[in-house]
file protein.cif (mmCIF, C-alpha atoms)
data_my_file
#
loop_
_atom_site.label_atom_id
_atom_site.label_comp_id
_atom_site.auth_asym_id
_atom_site.auth_seq_id
_atom_site.Cartn_x
_atom_site.Cartn_y
_atom_site.Cartn_z
CA MET A 633 -24.94 199.86 24.58
CA LEU A 634 -26.51 202.94 23.00
CA LEU A 635 -29.59 201.15 21.66
CA PRO A 636 -31.07 200.28 25.10
CA LEU A 637 -30.32 203.82 26.31
CA LEU A 638 -32.03 205.32 23.27
CA SER A 639 -34.96 202.94 23.77
CA VAL A 640 -35.41 204.05 27.39
CA LEU A 641 -35.22 207.72 26.41
CA VAL A 642 -37.78 207.34 23.62
CA ASN A 643 -40.11 205.36 25.89
CA ALA A 644 -39.86 208.02 28.61
CA LEU A 645 -40.54 210.75 26.05
CA LEU A 646 -43.53 208.83 24.71
CA GLN A 647 -45.03 208.48 28.18
CA VAL A 648 -44.48 212.13 29.08
CA LEU A 649 -46.00 213.32 25.80
CA THR A 650 -48.90 210.89 26.10
CA SER A 651 -49.71 212.00 29.64
CA ARG A 652 -49.79 215.62 28.43
CA MET A 653 -51.67 215.02 25.19
CA VAL A 654 -54.61 213.23 26.80
CA ARG A 655 -55.53 216.48 28.55
CA THR A 656 -56.61 218.03 25.25
CA GLU A 657 -56.80 215.25 22.65
CA ASP A 658 -59.09 212.29 22.09
CA PRO A 659 -57.45 208.95 23.09
CA GLY A 660 -58.18 207.48 19.65
CA VAL A 661 -56.45 210.36 17.89
CA THR A 662 -53.48 210.15 20.26
CA HIS A 663 -53.24 206.41 19.68
CA PHE A 664 -53.43 206.78 15.90
CA TYR A 665 -50.74 209.44 15.63
CA THR A 666 -48.30 207.88 18.07
CA GLY A 667 -48.66 204.60 16.17
CA LEU A 668 -48.18 206.37 12.84
CA ILE A 669 -45.04 208.15 14.05
CA GLY A 670 -43.67 204.89 15.46
CA LEU A 671 -44.36 203.13 12.17
CA ALA A 672 -42.65 205.89 10.19
CA CYS A 673 -39.57 205.96 12.43
CA THR A 674 -39.08 202.19 12.56
CA SER A 675 -39.69 201.87 8.81
CA LEU A 676 -36.56 203.92 8.20
CA VAL A 677 -34.36 201.02 9.39
CA VAL A 678 -36.21 198.27 7.51
CA PRO A 679 -34.00 198.48 4.39
CA LEU A 680 -30.91 197.96 6.55
CA GLY A 681 -31.69 194.41 7.60
CA TRP A 682 -35.08 193.14 6.43
CA GLN A 683 -35.27 189.47 5.53
CA TRP A 684 -38.54 188.14 4.19
CA LEU A 685 -40.28 185.78 6.60
CA SER A 686 -41.16 182.46 5.03
CA ASP A 687 -42.98 180.81 7.92
CA TRP A 688 -46.58 181.79 8.63
CA ARG A 689 -45.94 181.39 12.38
CA GLN A 690 -43.47 184.25 12.28
CA TRP A 691 -46.06 186.44 10.57
CA ALA A 692 -48.63 185.35 13.16
CA ALA A 693 -46.23 186.24 15.99
CA ILE A 694 -45.67 189.69 14.48
CA ALA A 695 -49.43 190.19 14.10
CA LEU A 696 -49.99 189.20 17.74
CA MET A 697 -47.23 191.53 18.91
CA TRP A 698 -48.88 194.35 16.96
CA LEU A 699 -52.33 193.51 18.32
CA PHE A 700 -51.35 193.23 21.99
CA GLY A 701 -48.96 196.18 21.77
CA SER A 702 -51.68 198.31 20.22
CA ILE A 703 -54.25 197.31 22.83
CA GLY A 704 -51.75 197.89 25.62
CA HIS A 705 -50.82 201.33 24.32
CA TYR A 706 -54.46 202.35 23.98
CA LEU A 707 -55.15 201.21 27.53
CA LEU A 708 -52.13 203.18 28.74
CA ILE A 709 -53.52 206.28 27.02
CA LYS A 710 -56.89 205.71 28.71
CA ALA A 711 -55.15 205.25 32.06
CA PHE A 712 -53.31 208.55 31.62
CA GLN A 713 -56.67 210.14 30.81
CA GLN A 714 -58.29 208.77 33.98
CA THR A 715 -55.59 209.36 36.57
CA PRO A 716 -52.37 211.35 37.09
CA ALA A 717 -49.12 209.93 35.73
CA SER A 718 -47.71 209.69 39.26
CA ARG A 719 -50.31 207.03 40.09
CA ILE A 720 -49.60 205.00 36.94
CA ALA A 721 -45.79 205.06 37.16
CA PRO A 722 -45.40 202.38 39.87
CA TYR A 723 -47.40 199.92 37.78
CA LEU A 724 -45.10 200.47 34.83
CA TYR A 725 -42.33 198.81 36.84
CA ALA A 726 -44.10 195.52 36.12
CA GLN A 727 -42.53 195.79 32.66
CA ILE A 728 -39.22 194.73 34.21
CA GLY A 729 -40.66 191.47 35.47
CA PHE A 730 -42.50 190.72 32.25
CA ALA A 731 -39.43 191.52 30.13
CA THR A 732 -37.38 189.17 32.31
CA LEU A 733 -39.96 186.40 31.91
CA ALA A 734 -40.18 186.98 28.17
CA GLY A 735 -36.39 186.84 27.82
CA TRP A 736 -36.33 183.57 29.72
CA ALA A 737 -39.29 182.04 27.84
CA ALA A 738 -38.26 183.14 24.35
CA PHE A 739 -34.47 183.00 24.53
CA GLY A 740 -33.64 180.92 27.60
CA HIS A 741 -31.84 183.92 29.11
CA ALA A 742 -31.93 184.22 32.87
CA PRO A 743 -30.57 187.40 34.45
CA ASP A 744 -27.34 187.11 36.40
CA ALA A 745 -26.88 188.25 40.00
CA LEU A 746 -25.90 191.80 39.06
CA ALA A 747 -28.95 192.18 36.80
CA LEU A 748 -31.21 190.83 39.54
CA LEU A 749 -29.71 193.34 41.96
CA GLY A 750 -30.44 196.18 39.51
CA ILE A 751 -33.98 194.94 38.95
CA GLY A 752 -34.50 194.76 42.70
CA VAL A 753 -33.20 198.29 43.27
CA ILE A 754 -35.46 199.69 40.55
CA ALA A 755 -38.48 197.80 41.86
CA LEU A 756 -37.84 198.89 45.46
CA CYS A 757 -37.49 202.52 44.37
CA GLY A 758 -40.81 202.25 42.53
CA LEU A 759 -42.51 200.75 45.56
CA ALA A 760 -41.01 203.38 47.85
CA SER A 761 -42.18 206.12 45.50
CA ALA A 762 -45.70 204.73 45.47
CA ARG A 763 -45.73 204.42 49.25
CA LEU A 764 -44.42 207.94 49.77
CA ARG A 765 -47.08 209.37 47.46
CA ARG A 766 -49.83 207.69 49.51
CA SER A 767 -48.56 209.21 52.74
#
call {"tool": "encode", "arguments": {"input": "protein.cif", "output": "C-alpha coordinates"}}
result
Amino acid sequence: MLLPLLSVLVNALLQVLTSRMVRTEDPGVTHFYTGLIGLACTSLVVPLGWQWLSDWRQWAAIALMWLFGSIGHYLLIKAFQQTPASRIAPYLYAQIGFATLAGWAAFGHAPDALALLGIGVIALCGLASARLRRS
(Lines of atoms letter the chains of each structure in order from A and count residues from 1; the text may use other names and numbers.)
(Lines give C-alpha, C1' and ligand atoms only; values in the text may rest on other atoms or scores of the structure.)
Protein backbone atom coordinates (compact mmCIF):
# COMPACT_ATOMS: atom_id res chain seq x y z
CA MET A 1 0.00 0.00 0.00
CA LEU A 2 2.85 2.41 0.73
CA LEU A 3 4.75 1.72 -2.49
CA PRO A 4 2.09 3.19 -4.85
CA LEU A 5 1.70 6.19 -2.53
CA LEU A 6 5.46 6.76 -2.49
CA SER A 7 5.54 6.36 -6.28
CA VAL A 8 2.85 9.02 -6.75
CA LEU A 9 4.64 11.41 -4.39
CA VAL A 10 7.99 10.97 -6.12
CA ASN A 11 6.39 11.40 -9.55
CA ALA A 12 4.64 14.60 -8.42
CA LEU A 13 7.90 15.92 -6.96
CA LEU A 14 9.73 15.08 -10.18
CA GLN A 15 7.19 16.98 -12.28
CA VAL A 16 7.19 20.03 -10.00
CA LEU A 17 10.99 20.17 -9.93
CA THR A 18 11.21 19.62 -13.68
CA SER A 19 8.74 22.41 -14.42
CA ARG A 20 10.82 24.77 -12.26
CA MET A 21 14.25 23.67 -13.48
CA VAL A 22 13.51 24.23 -17.17
CA ARG A 23 13.23 27.95 -16.47
CA THR A 24 16.97 28.18 -15.86
CA GLU A 25 18.57 24.92 -17.02
CA ASP A 26 19.16 23.32 -20.40
CA PRO A 27 16.71 20.43 -21.10
CA GLY A 28 19.61 18.06 -21.83
CA VAL A 29 21.25 18.81 -18.49
CA THR A 30 17.95 18.43 -16.67
CA HIS A 31 17.33 15.12 -18.42
CA PHE A 32 20.81 13.82 -17.62
CA TYR A 33 20.72 14.65 -13.92
CA THR A 34 17.18 13.45 -13.28
CA GLY A 35 18.09 10.18 -15.00
CA LEU A 36 21.30 9.90 -12.99
CA ILE A 37 19.48 10.49 -9.70
CA GLY A 38 16.81 7.95 -10.65
CA LEU A 39 19.48 5.41 -11.53
CA ALA A 40 21.29 5.99 -8.24
CA CYS A 41 18.12 5.71 -6.14
CA THR A 42 16.79 2.59 -7.84
CA SER A 43 20.22 0.94 -7.78
CA LEU A 44 20.07 0.95 -3.99
CA VAL A 45 17.36 -1.75 -4.03
CA VAL A 46 18.98 -3.97 -6.68
CA PRO A 47 20.90 -6.12 -4.16
CA LEU A 48 17.64 -6.90 -2.36
CA GLY A 49 16.06 -8.90 -5.15
CA TRP A 50 18.08 -8.97 -8.37
CA GLN A 51 17.94 -12.18 -10.37
CA TRP A 52 20.04 -12.42 -13.49
CA LEU A 53 17.98 -12.47 -16.67
CA SER A 54 18.79 -15.40 -18.91
CA ASP A 55 16.53 -14.66 -21.86
CA TRP A 56 17.61 -12.03 -24.39
CA ARG A 57 13.96 -10.97 -24.82
CA GLN A 58 13.85 -9.81 -21.22
CA TRP A 59 16.97 -7.72 -21.78
CA ALA A 60 15.42 -6.35 -24.97
CA ALA A 61 12.24 -5.42 -23.09
CA ILE A 62 14.29 -3.61 -20.45
CA ALA A 63 16.25 -1.77 -23.14
CA LEU A 64 13.01 -0.71 -24.86
CA MET A 65 11.53 0.47 -21.56
CA TRP A 66 14.67 2.54 -20.97
CA LEU A 67 14.62 3.95 -24.51
CA PHE A 68 10.94 4.93 -24.58
CA GLY A 69 10.99 6.14 -20.97
CA SER A 70 14.02 8.29 -21.71
CA ILE A 71 12.47 9.76 -24.85
CA GLY A 72 9.19 10.38 -23.05
CA HIS A 73 10.91 12.12 -20.15
CA TYR A 74 12.94 14.33 -22.48
CA LEU A 75 9.79 15.29 -24.36
CA LEU A 76 8.07 16.09 -21.07
CA ILE A 77 10.98 18.37 -20.15
CA LYS A 78 10.68 20.11 -23.54
CA ALA A 79 6.92 20.48 -23.03
CA PHE A 80 7.49 22.11 -19.63
CA GLN A 81 9.97 24.43 -21.33
CA GLN A 82 7.46 25.45 -24.02
CA THR A 83 4.28 25.90 -22.01
CA PRO A 84 3.09 26.32 -18.40
CA ALA A 85 2.60 23.21 -16.28
CA SER A 86 -1.11 23.98 -15.96
CA ARG A 87 -1.54 23.36 -19.70
CA ILE A 88 0.38 20.06 -19.61
CA ALA A 89 -1.31 18.58 -16.54
CA PRO A 90 -4.57 17.49 -18.23
CA TYR A 91 -2.62 15.49 -20.79
CA LEU A 92 -0.81 13.64 -18.04
CA TYR A 93 -4.12 12.02 -17.11
CA ALA A 94 -3.68 9.87 -20.21
CA GLN A 95 -1.20 7.88 -18.11
CA ILE A 96 -4.17 6.32 -16.30
CA GLY A 97 -5.60 4.91 -19.51
CA PHE A 98 -2.25 3.69 -20.79
CA ALA A 99 -1.40 2.08 -17.44
CA THR A 100 -4.76 0.31 -17.49
CA LEU A 101 -4.15 -0.96 -21.03
CA ALA A 102 -0.62 -2.05 -20.16
CA GLY A 103 -1.86 -3.94 -17.09
CA TRP A 104 -4.45 -5.71 -19.21
CA ALA A 105 -2.04 -6.48 -22.09
CA ALA A 106 0.90 -7.59 -19.97
CA PHE A 107 -0.80 -9.25 -17.00
CA GLY A 108 -4.39 -9.88 -18.07
CA HIS A 109 -5.61 -7.62 -15.26
CA ALA A 110 -8.77 -5.68 -15.91
CA PRO A 111 -9.83 -3.06 -13.36
CA ASP A 112 -12.90 -3.82 -11.28
CA ALA A 113 -15.92 -1.52 -10.99
CA LEU A 114 -14.51 0.45 -8.05
CA ALA A 115 -11.22 1.05 -9.87
CA LEU A 116 -13.09 2.17 -12.99
CA LEU A 117 -15.11 4.57 -10.86
CA GLY A 118 -11.90 6.03 -9.42
CA ILE A 119 -10.35 6.33 -12.86
CA GLY A 120 -13.48 8.06 -14.12
CA VAL A 121 -13.52 10.54 -11.23
CA ILE A 122 -9.85 11.42 -11.76
CA ALA A 123 -10.32 11.80 -15.52
CA LEU A 124 -13.43 13.97 -15.10
CA CYS A 125 -11.62 16.20 -12.61
CA GLY A 126 -8.76 16.59 -15.09
CA LEU A 127 -11.15 17.48 -17.89
CA ALA A 128 -13.03 19.92 -15.68
CA SER A 129 -9.76 21.54 -14.66
CA ALA A 130 -8.71 21.95 -18.28
CA ARG A 131 -12.10 23.38 -19.21
CA LEU A 132 -12.10 25.83 -16.31
CA ARG A 133 -8.63 27.07 -17.24
CA ARG A 134 -9.80 27.83 -20.79
CA SER A 135 -12.71 29.91 -19.56
call {"tool": "resolve_selection", "arguments": {"input": "protein.cif", "expression": "the PyMOL selection byres ((chain A and resi 718) around 12)", "output": "list in words"}}
result
Gln647, Val648, Ser651, Ala711, Phe712, Gln714, Thr715, Pro716, Ala717, Arg719, Ile720, Ala721, Pro722, Tyr723, Leu724, Gly758, Ser761, Ala762, Arg763, Leu764, Arg765 and Arg766 of chain A
call {"tool": "atom_distance", "arguments": {"input": "protein.cif", "atom1": "CA of Arg689 (chain A)", "atom2": "CA of Pro743 (chain A)"}}
result
27.6 Å
call {"tool": "closest_residue", "arguments": {"input": "protein.cif", "among": "A:Ala695, A:Leu671, A:Ala747, A:Val654", "to": "Leu708 (chain A)", "atoms": "all atoms listed in the file"}}
result
A:Val654
call {"tool": "residues_around", "arguments": {"input": "protein.cif", "residues": "Thr662 (chain A)", "least_positions_apart": "4", "cutoff": "8 Å", "atoms": "only C-alpha atoms", "output": "short mmCIF file (atom, residue, chain, number, x, y, z; two decimals) with C-alpha atoms, in the coordinates of the input"}}
result
data_model
loop_
_atom_site.label_atom_id
_atom_site.label_comp_id
_atom_site.auth_asym_id
_atom_site.auth_seq_id
_atom_site.Cartn_x
_atom_site.Cartn_y
_atom_site.Cartn_z
CA THR A 650 -48.90 210.89 26.10
CA MET A 653 -51.67 215.02 25.19
CA VAL A 654 -54.61 213.23 26.80
CA GLU A 657 -56.80 215.25 22.65
CA ASP A 658 -59.09 212.29 22.09
CA THR A 666 -48.30 207.88 18.07
CA ILE A 709 -53.52 206.28 27.02
#
call {"tool": "atom_distance", "arguments": {"input": "protein.cif", "atom1": "CA of Gln727 (chain A)", "atom2": "CA of Leu749 (chain A)"}}
result
16.0 Å
call {"tool": "axis_aligned_box", "arguments": {"input": "protein.cif", "around": "region 641-654 of chain A", "padding_each_side": "3 Å", "output": "lines of an AutoDock Vina configuration file"}}
result
center_x = -44.9
center_y = 210.5
center_z = 26.6
size_x = 25.4
size_y = 16.3
size_z = 12.0
call {"tool": "atom_distance", "arguments": {"input": "protein.cif", "atom1": "CA of Leu649 (chain A)", "atom2": "CA of Ile754 (chain A)"}}
result
22.7 Å
call {"tool": "residues_around", "arguments": {"input": "protein.cif", "residues": "region 705-707 of chain A", "least_positions_apart": "2", "cutoff": "8 Å", "atoms": "only C-alpha atoms", "output": "PyMOL selection string"}}
result
chain A and resi 659-660+663+701-703+709-711
call {"tool": "closest_residue", "arguments": {"input": "protein.cif", "among": "A:Ser675, A:Ala734, A:Tyr725, A:Phe739", "to": "Leu759 (chain A)", "atoms": "all atoms listed in the file"}}
result
A:Tyr725
call {"tool": "closest_residue", "arguments": {"input": "protein.cif", "among": "A:Leu748, A:Val677, A:Ile694, A:Leu646", "to": "Tyr665 (chain A)", "atoms": "all atoms listed in the file"}}
result
A:Leu646
call {"tool": "closest_residue", "arguments": {"input": "protein.cif", "among": "A:Trp688, A:Gln713, A:Leu756, A:Leu699", "to": "Ala726 (chain A)", "atoms": "all atoms listed in the file"}}
result
A:Leu756
